[in-house]
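J.: Structure incoming, see below.
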Amino acid sequence: MMSWTRLFLLILIGYVAFLLYLPVPSNIDQGVKYRSVTALAKLCQHVGLLSQIFAPGVTNVITIHRGVFGFLTHYVLPSSDIYAPDVKLERTTFDGVKVHVYTPPGGREGELLPGFVYLHGGGFALFDVDHYDGMTRQISKELNAVVVSVEYRRTPEYTFPIPHEDSLKATRWFLKNAGKYGVDANRVGIGGDSAGGYLSATVTQAIQDDSNIPNIKLQVLIYPWLQIVDLQTPSHQDYRHIFGSNGIVFSESVGLLAAMSIYGEEATQTQVQAFMTNNHTSKEFKNSAFYESRMSHSIVPDKYRTGSFYTEPSNQYPNSVIGHKIWSESKQLFLDQRMSPLFREDLSGLPPTYIVTVEYDSLRDDGIIYAKLLEQAGVDVTWRHYEDAFHGVVWVGPGIIFDKGTKILDEMYAFVRDRL
């Protein structure tokens, strides 16, 4: 008769095998390491779902993710001090917003240095400046720049437009007081990955509209998340076709993060489902010339719209009570350029822009569309696409480094050094 211990071990082994089972495309960068990272994300998802039995609420999974990655960052993974340990870190506040300020070796001696504001990723919810400490240290050293990493308040505790406002306040303060940190205010860039790319785009637009401070010199958007009105773009459909409900940025997770950005801790599974299925915007909006000019799938290269999995967008009015309610209550939020930087009417005059997209990313098309729109508006755009990379590749955590992520950052550094 099988002992309880052996039965438990068999179940545990089976579950670990289930976590590690994931279709990984043959050309993806370091597939075994990628599989391990996605297994950890899947584990957090499962624990979050189980926790709802005891504490109902779709946002529980965020608490679980934060706890797991926080534990790994502080107690398991190597200290981020291994990355550019000679870079000086100062924890302070800019206009009431917590920031990390990184000064490279020899900074503040002689001529003024360039500056760079970094806004971290994590869907506005998951990560913080401590998690990104190793990456921002590297940026400071590689660019020989003073780097400001902004601790914007996160969802679900704080909803739109708080993350944007915190990021904007800190950036404005830095531009106005750059000299205090030995920085030339006319040589300040901004950048971020994923949701941080979102915030970098909205902050750059807001700074351009403020004649009282110097403009941003350049912006870097690494696989940016730039809109929540269409979660059925070709890249969303492609990602679902390849990975199903697995991976780093699968439909359910993006739908949850989108709903939380508006509803915070009050977000429900019904609202998440509405976002996932594009059942949250009206037929009139989807059929408008403006929407077509900014969100048409035809903007995306043809090769991404030819797969058997792809279906054309539906221009139907929300077919549920919750869909009508979301649109009627939140229409102005969706149209606000702080929420939807793609919807800014005049994109001309924005600074030189470096956009990174990766093949295995449900958000891939957001970056492609923005690159095309900026180019049409006469903005100097450099778009780099990496066929064998995935969302999150540039930074998972200290000690979890992907070769392709290093290559992406090296090429980004070269662009920034040349322009900043």
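Chain identifiers are assigned as A, B, and so on, following the order in which chains appear in the structure tokens; residues are numbered from 1 within each chain, and ligands are numbered from 1 in order of appearance.
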Need the shell around stretch 125-142 of chain A: protein/DNA/RNA residues with any atom at most 9 Å away, counting only C-alpha atoms. Skip same-chain ones fewer than 2 positions apart. Format as a ChimeraX atom specification?
T.: /A:62-63,65-66,69-70,73-74,79-89,99-100,102-105,115-116,118-123,144-157,257,260-261,394-398,409-410,413,417
J.: Hey, what's within 8 Å of A:Asp346 if we count only C-alpha atoms and toss same-chain stuff fewer than 2 positions away? As a list in words, please?
T.: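 Counting only the stated atoms, we get Arg344, Ser348 and Ala377 of chain A.
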J.: May I have the residues from that selection written out with N, CA, C and O atoms, as a short mmCIF file (atom, residue, chain, number, x, y, z; two decimals), in the first residue's frame?
T.:
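New file again-v1.cif:
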```cif
data_model
loop_
_atom_site.label_atom_id
_atom_site.label_comp_id
_atom_site.auth_asym_id
_atom_site.auth_seq_id
_atom_site.Cartn_x
_atom_site.Cartn_y
_atom_site.Cartn_z
N ARG A 344 -3.48 60.61 -28.62
CA ARG A 344 -3.11 62.02 -28.69
C ARG A 344 -3.30 62.50 -30.13
O ARG A 344 -2.79 61.88 -31.07
N SER A 348 3.09 65.22 -33.48
CA SER A 348 4.27 65.88 -34.04
C SER A 348 5.05 66.60 -32.94
O SER A 348 4.48 67.02 -31.92
N ALA A 377 3.76 61.19 -38.12
CA ALA A 377 3.72 62.56 -37.59
C ALA A 377 5.06 63.28 -37.75
O ALA A 377 5.20 64.43 -37.31
#
```
J.: From the list A:Gly247, A:Gly264, A:Gly349, A:Gly57, which residue is nearest A:Ala39 when using only C-alpha atoms?
T.: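 Residue with the minimum atom-to-atom distance to A:Ala39: A:Gly247.
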J.: Neighbours of A:Lys176 within 10 Å (only C-alpha atoms; same-chain residues fewer than 5 positions away dropped), as a VMD selection string?
T.: chain A and resid 171 185 212 to 214
J.: Just list as a PyMOL selection string whatever in stretch 154-394 of chain A DSSP marks as strand (DSSP E or B).
T.: chain A and resi 183-193+219-222+353-360+381-390
J.: Excluding A:Ala267 and any residue of its chain fewer than 2 positions from it, enumerate the residues within 8 Å of it, using only C-alpha atoms, and give them as an mmCIF file with C-alpha atoms, in the first residue's frame.
T.:
```cif
data_model
loop_
_atom_site.group_PDB
_atom_site.id
_atom_site.type_symbol
_atom_site.label_atom_id
_atom_site.label_comp_id
_atom_site.auth_asym_id
_atom_site.auth_seq_id
_atom_site.Cartn_x
_atom_site.Cartn_y
_atom_site.Cartn_z
ATOM 1 C CA GLY A 57 -11.387 38.979 -5.039
ATOM 2 C CA VAL A 58 -9.599 38.821 -8.380
ATOM 3 C CA THR A 59 -6.766 41.066 -7.164
ATOM 4 C CA LEU A 256 -6.997 41.908 -15.006
ATOM 5 C CA ALA A 259 -9.533 46.444 -15.221
ATOM 6 C CA MET A 260 -7.510 47.208 -12.084
ATOM 7 C CA TYR A 263 -11.444 49.889 -10.831
ATOM 8 C CA GLY A 264 -8.578 49.035 -8.494
ATOM 9 C CA GLU A 265 -9.471 46.670 -5.675
ATOM 10 C CA GLN A 269 -14.017 38.847 -12.941
ATOM 11 C CA GLN A 271 -15.117 43.290 -15.797
ATOM 12 C CA VAL A 272 -11.904 41.407 -16.569
#
```
J.: Can you check which residues of stretch 187-412 of chain A DSSP gives as helix (DSSP H, G or I) on the backbone and send them as JSON, numbers by chain?
T.: {"A": [195, 196, 197, 198, 199, 200, 201, 202, 203, 204, 205, 206, 207, 208, 234, 235, 236, 237, 238, 239, 240, 241, 242, 243, 251, 252, 253, 254, 255, 256, 257, 258, 259, 260, 261, 262, 263, 264, 265, 266, 269, 270, 271, 272, 273, 274, 275, 276, 283, 284, 285, 286, 287, 289, 290, 291, 292, 293, 294, 295, 297, 298, 299, 302, 303, 304, 305, 321, 322, 323, 324, 325, 326, 327, 328, 329, 330, 331, 332, 333, 334, 335, 341, 342, 343, 364, 365, 366, 367, 368, 369, 370, 371, 372, 373, 374, 375, 376, 403, 404, 405, 406, 407, 408, 409, 410, 411, 412]}
J.: Those selected residues, please, written with C-alpha atoms and delivered as a compact mmCIF listing (two decimals), in the first residue's frame.
T.:
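Now in out.txt:
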```txt
# COMPACT_ATOMS: atom_id res chain seq x y z
CA ALA A 195 3.80 49.54 -18.24
CA GLY A 196 6.88 51.72 -17.69
CA GLY A 197 6.92 52.27 -21.45
CA TYR A 198 3.28 53.32 -21.17
CA LEU A 199 4.17 55.88 -18.50
CA SER A 200 7.23 57.08 -20.42
CA ALA A 201 5.02 57.82 -23.43
CA THR A 202 2.37 59.71 -21.42
CA VAL A 203 4.94 61.67 -19.37
CA THR A 204 6.84 62.65 -22.53
CA GLN A 205 3.62 63.96 -24.08
CA ALA A 206 2.75 65.93 -20.94
CA ILE A 207 6.24 67.45 -20.69
CA GLN A 208 6.01 68.60 -24.30
CA PRO A 234 -3.15 40.34 -33.86
CA SER A 235 -0.43 40.02 -31.20
CA HIS A 236 -2.99 39.17 -28.50
CA GLN A 237 -4.51 36.55 -30.78
CA ASP A 238 -1.09 35.18 -31.77
CA TYR A 239 0.04 34.93 -28.14
CA ARG A 240 -3.13 33.10 -27.15
CA HIS A 241 -2.70 30.73 -30.12
CA ILE A 242 0.87 29.84 -29.07
CA PHE A 243 0.72 29.92 -25.27
CA SER A 251 -5.00 37.49 -21.99
CA GLU A 252 -6.37 36.95 -18.50
CA SER A 253 -3.46 38.76 -16.85
CA VAL A 254 -3.64 41.74 -19.24
CA GLY A 255 -7.42 41.92 -18.79
CA LEU A 256 -7.00 41.91 -15.01
CA LEU A 257 -4.33 44.61 -15.06
CA ALA A 258 -6.45 46.73 -17.42
CA ALA A 259 -9.53 46.44 -15.22
CA MET A 260 -7.51 47.21 -12.08
CA SER A 261 -6.08 50.36 -13.65
CA ILE A 262 -9.61 51.78 -13.58
CA TYR A 263 -11.44 49.89 -10.83
CA GLY A 264 -8.58 49.04 -8.49
CA GLU A 265 -9.47 46.67 -5.68
CA GLU A 266 -13.10 46.73 -6.79
CA GLN A 269 -14.02 38.85 -12.94
CA THR A 270 -16.95 40.04 -15.07
CA GLN A 271 -15.12 43.29 -15.80
CA VAL A 272 -11.90 41.41 -16.57
CA GLN A 273 -13.80 39.23 -19.05
CA ALA A 274 -15.30 42.32 -20.67
CA PHE A 275 -11.83 43.80 -21.25
CA MET A 276 -10.45 40.52 -22.57
CA LYS A 283 -19.89 50.21 -31.69
CA GLU A 284 -19.85 53.93 -32.53
CA PHE A 285 -16.37 54.30 -31.08
CA LYS A 286 -15.04 51.24 -32.89
CA ASN A 287 -16.51 52.47 -36.18
CA ALA A 289 -12.63 57.37 -38.30
CA PHE A 290 -10.42 58.40 -35.39
CA TYR A 291 -10.40 54.90 -33.90
CA GLU A 292 -9.66 53.43 -37.31
CA SER A 293 -6.73 55.82 -37.76
CA ARG A 294 -5.18 54.83 -34.42
CA MET A 295 -6.17 51.22 -33.79
CA HIS A 297 -5.22 46.20 -37.44
CA SER A 298 -4.12 47.16 -40.95
CA ILE A 299 -1.40 49.32 -39.34
CA ASP A 302 0.49 41.88 -43.06
CA LYS A 303 2.48 38.86 -41.86
CA TYR A 304 0.85 39.15 -38.44
CA ARG A 305 -2.66 39.00 -39.87
CA VAL A 321 -25.02 44.94 -19.08
CA ILE A 322 -21.49 45.23 -17.70
CA GLY A 323 -20.17 46.23 -21.14
CA HIS A 324 -22.66 49.09 -21.41
CA LYS A 325 -21.85 50.15 -17.85
CA ILE A 326 -18.07 50.17 -18.40
CA TRP A 327 -18.33 52.28 -21.55
CA SER A 328 -20.89 54.75 -20.19
CA GLU A 329 -18.91 55.29 -16.98
CA SER A 330 -15.37 55.21 -18.36
CA LYS A 331 -15.58 56.58 -21.91
CA GLN A 332 -13.66 59.75 -21.04
CA LEU A 333 -10.92 57.72 -19.36
CA PHE A 334 -10.39 55.60 -22.47
CA LEU A 335 -10.16 58.74 -24.60
CA PRO A 341 -1.14 57.82 -25.53
CA LEU A 342 -1.98 56.44 -28.99
CA PHE A 343 -5.02 58.75 -28.96
CA ARG A 364 3.79 43.60 -29.47
CA ASP A 365 1.35 45.49 -31.71
CA ASP A 366 1.04 48.44 -29.30
CA GLY A 367 4.67 49.31 -29.95
CA ILE A 368 4.38 48.69 -33.68
CA ILE A 369 1.33 50.94 -34.00
CA TYR A 370 2.91 53.75 -31.98
CA ALA A 371 6.09 53.57 -34.07
CA LYS A 372 4.01 53.88 -37.26
CA LEU A 373 1.92 56.77 -35.88
CA LEU A 374 4.98 58.69 -34.70
CA GLU A 375 6.67 58.14 -38.04
CA GLN A 376 3.59 59.49 -39.85
CA ASP A 403 21.48 36.81 -23.49
CA LYS A 404 18.91 38.40 -25.79
CA GLY A 405 17.94 40.86 -23.07
CA THR A 406 21.58 41.89 -22.75
CA LYS A 407 21.79 42.40 -26.52
CA ILE A 408 18.62 44.52 -26.50
CA LEU A 409 19.98 46.72 -23.72
CA ASP A 410 23.39 47.06 -25.37
CA GLU A 411 21.79 48.31 -28.58
CA MET A 412 19.56 50.67 -26.59
```
J.: Compare A:Ser245, A:Val220, A:Gln30, A:Tyr158 by their minimum atom-to-atom distance to A:Gly191, counting only C-alpha atoms, and give me the closest one.
T.: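 Under the stated criterion, the closest residue is A:Val220.
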J.: In Å, rounded to a single decimal, give me how far atom CA of A:Tyr354 is from atom CA of A:Ile248.
T.: 22.9 Å
J.: Considering only C-alpha atoms, state which residue in the set A:Ile190, A:Leu22, A:Ala41, A:Ile64 is at the smallest distance from A:Asn215.
T.: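 The shortest atom-to-atom distance to A:Asn215 comes from A:Ile190.
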J.: Nearest to A:Ser340: which of A:Phe124, A:Tyr181, A:Tyr34, A:Trp225 is it, counting only C-alpha atoms?
T.: A:Trp225
J.: Could you please determine the separation between atom CA of A:Ala414 and atom CA of A:Pro114 in Å, to one decimal place?
T.: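 Separating atom CA of A:Ala414 from atom CA of A:Pro114 is a distance of 14.3 Å.
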J.: One decimal, in Å: what's the spacing between atom CA of A:Thr268 and atom CA of A:Leu40?
T.: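 Atom CA of A:Thr268 sits 24.2 Å away from atom CA of A:Leu40.
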J.: What's around A:Arg419 at 9 Å? Count only C-alpha atoms, leave out sequence neighbours fewer than 5 positions away in its own chain, and write the answer as a list in words.
T.: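 Those residues are Arg187, Lys217, Leu218, Pro352 and Ala414 of chain A.
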J.: Can you write just those residues out, N, CA, C and O atoms, as a tab-separated table (two decimals), in the first residue's frame?
T.:
```tsv
chain	number	residue	atom	x	y	z
A	187	ARG	N	19.62	67.62	-21.36
A	187	ARG	CA	20.09	66.30	-21.81
A	187	ARG	C	19.51	65.21	-20.92
A	187	ARG	O	20.21	64.35	-20.39
A	217	LYS	N	14.72	64.89	-23.93
A	217	LYS	CA	15.63	64.82	-25.08
A	217	LYS	C	15.32	63.63	-25.98
A	217	LYS	O	15.42	63.69	-27.20
A	218	LEU	N	14.93	62.49	-25.36
A	218	LEU	CA	14.58	61.30	-26.11
A	218	LEU	C	13.78	60.36	-25.21
A	218	LEU	O	13.81	60.49	-23.99
A	352	PRO	N	13.03	62.34	-30.32
A	352	PRO	CA	13.45	61.07	-30.92
A	352	PRO	C	13.06	59.90	-30.03
A	352	PRO	O	13.21	59.95	-28.80
A	414	ALA	N	23.62	52.13	-26.96
A	414	ALA	CA	24.32	52.77	-28.08
A	414	ALA	C	23.48	53.91	-28.66
A	414	ALA	O	23.99	54.99	-28.96
```
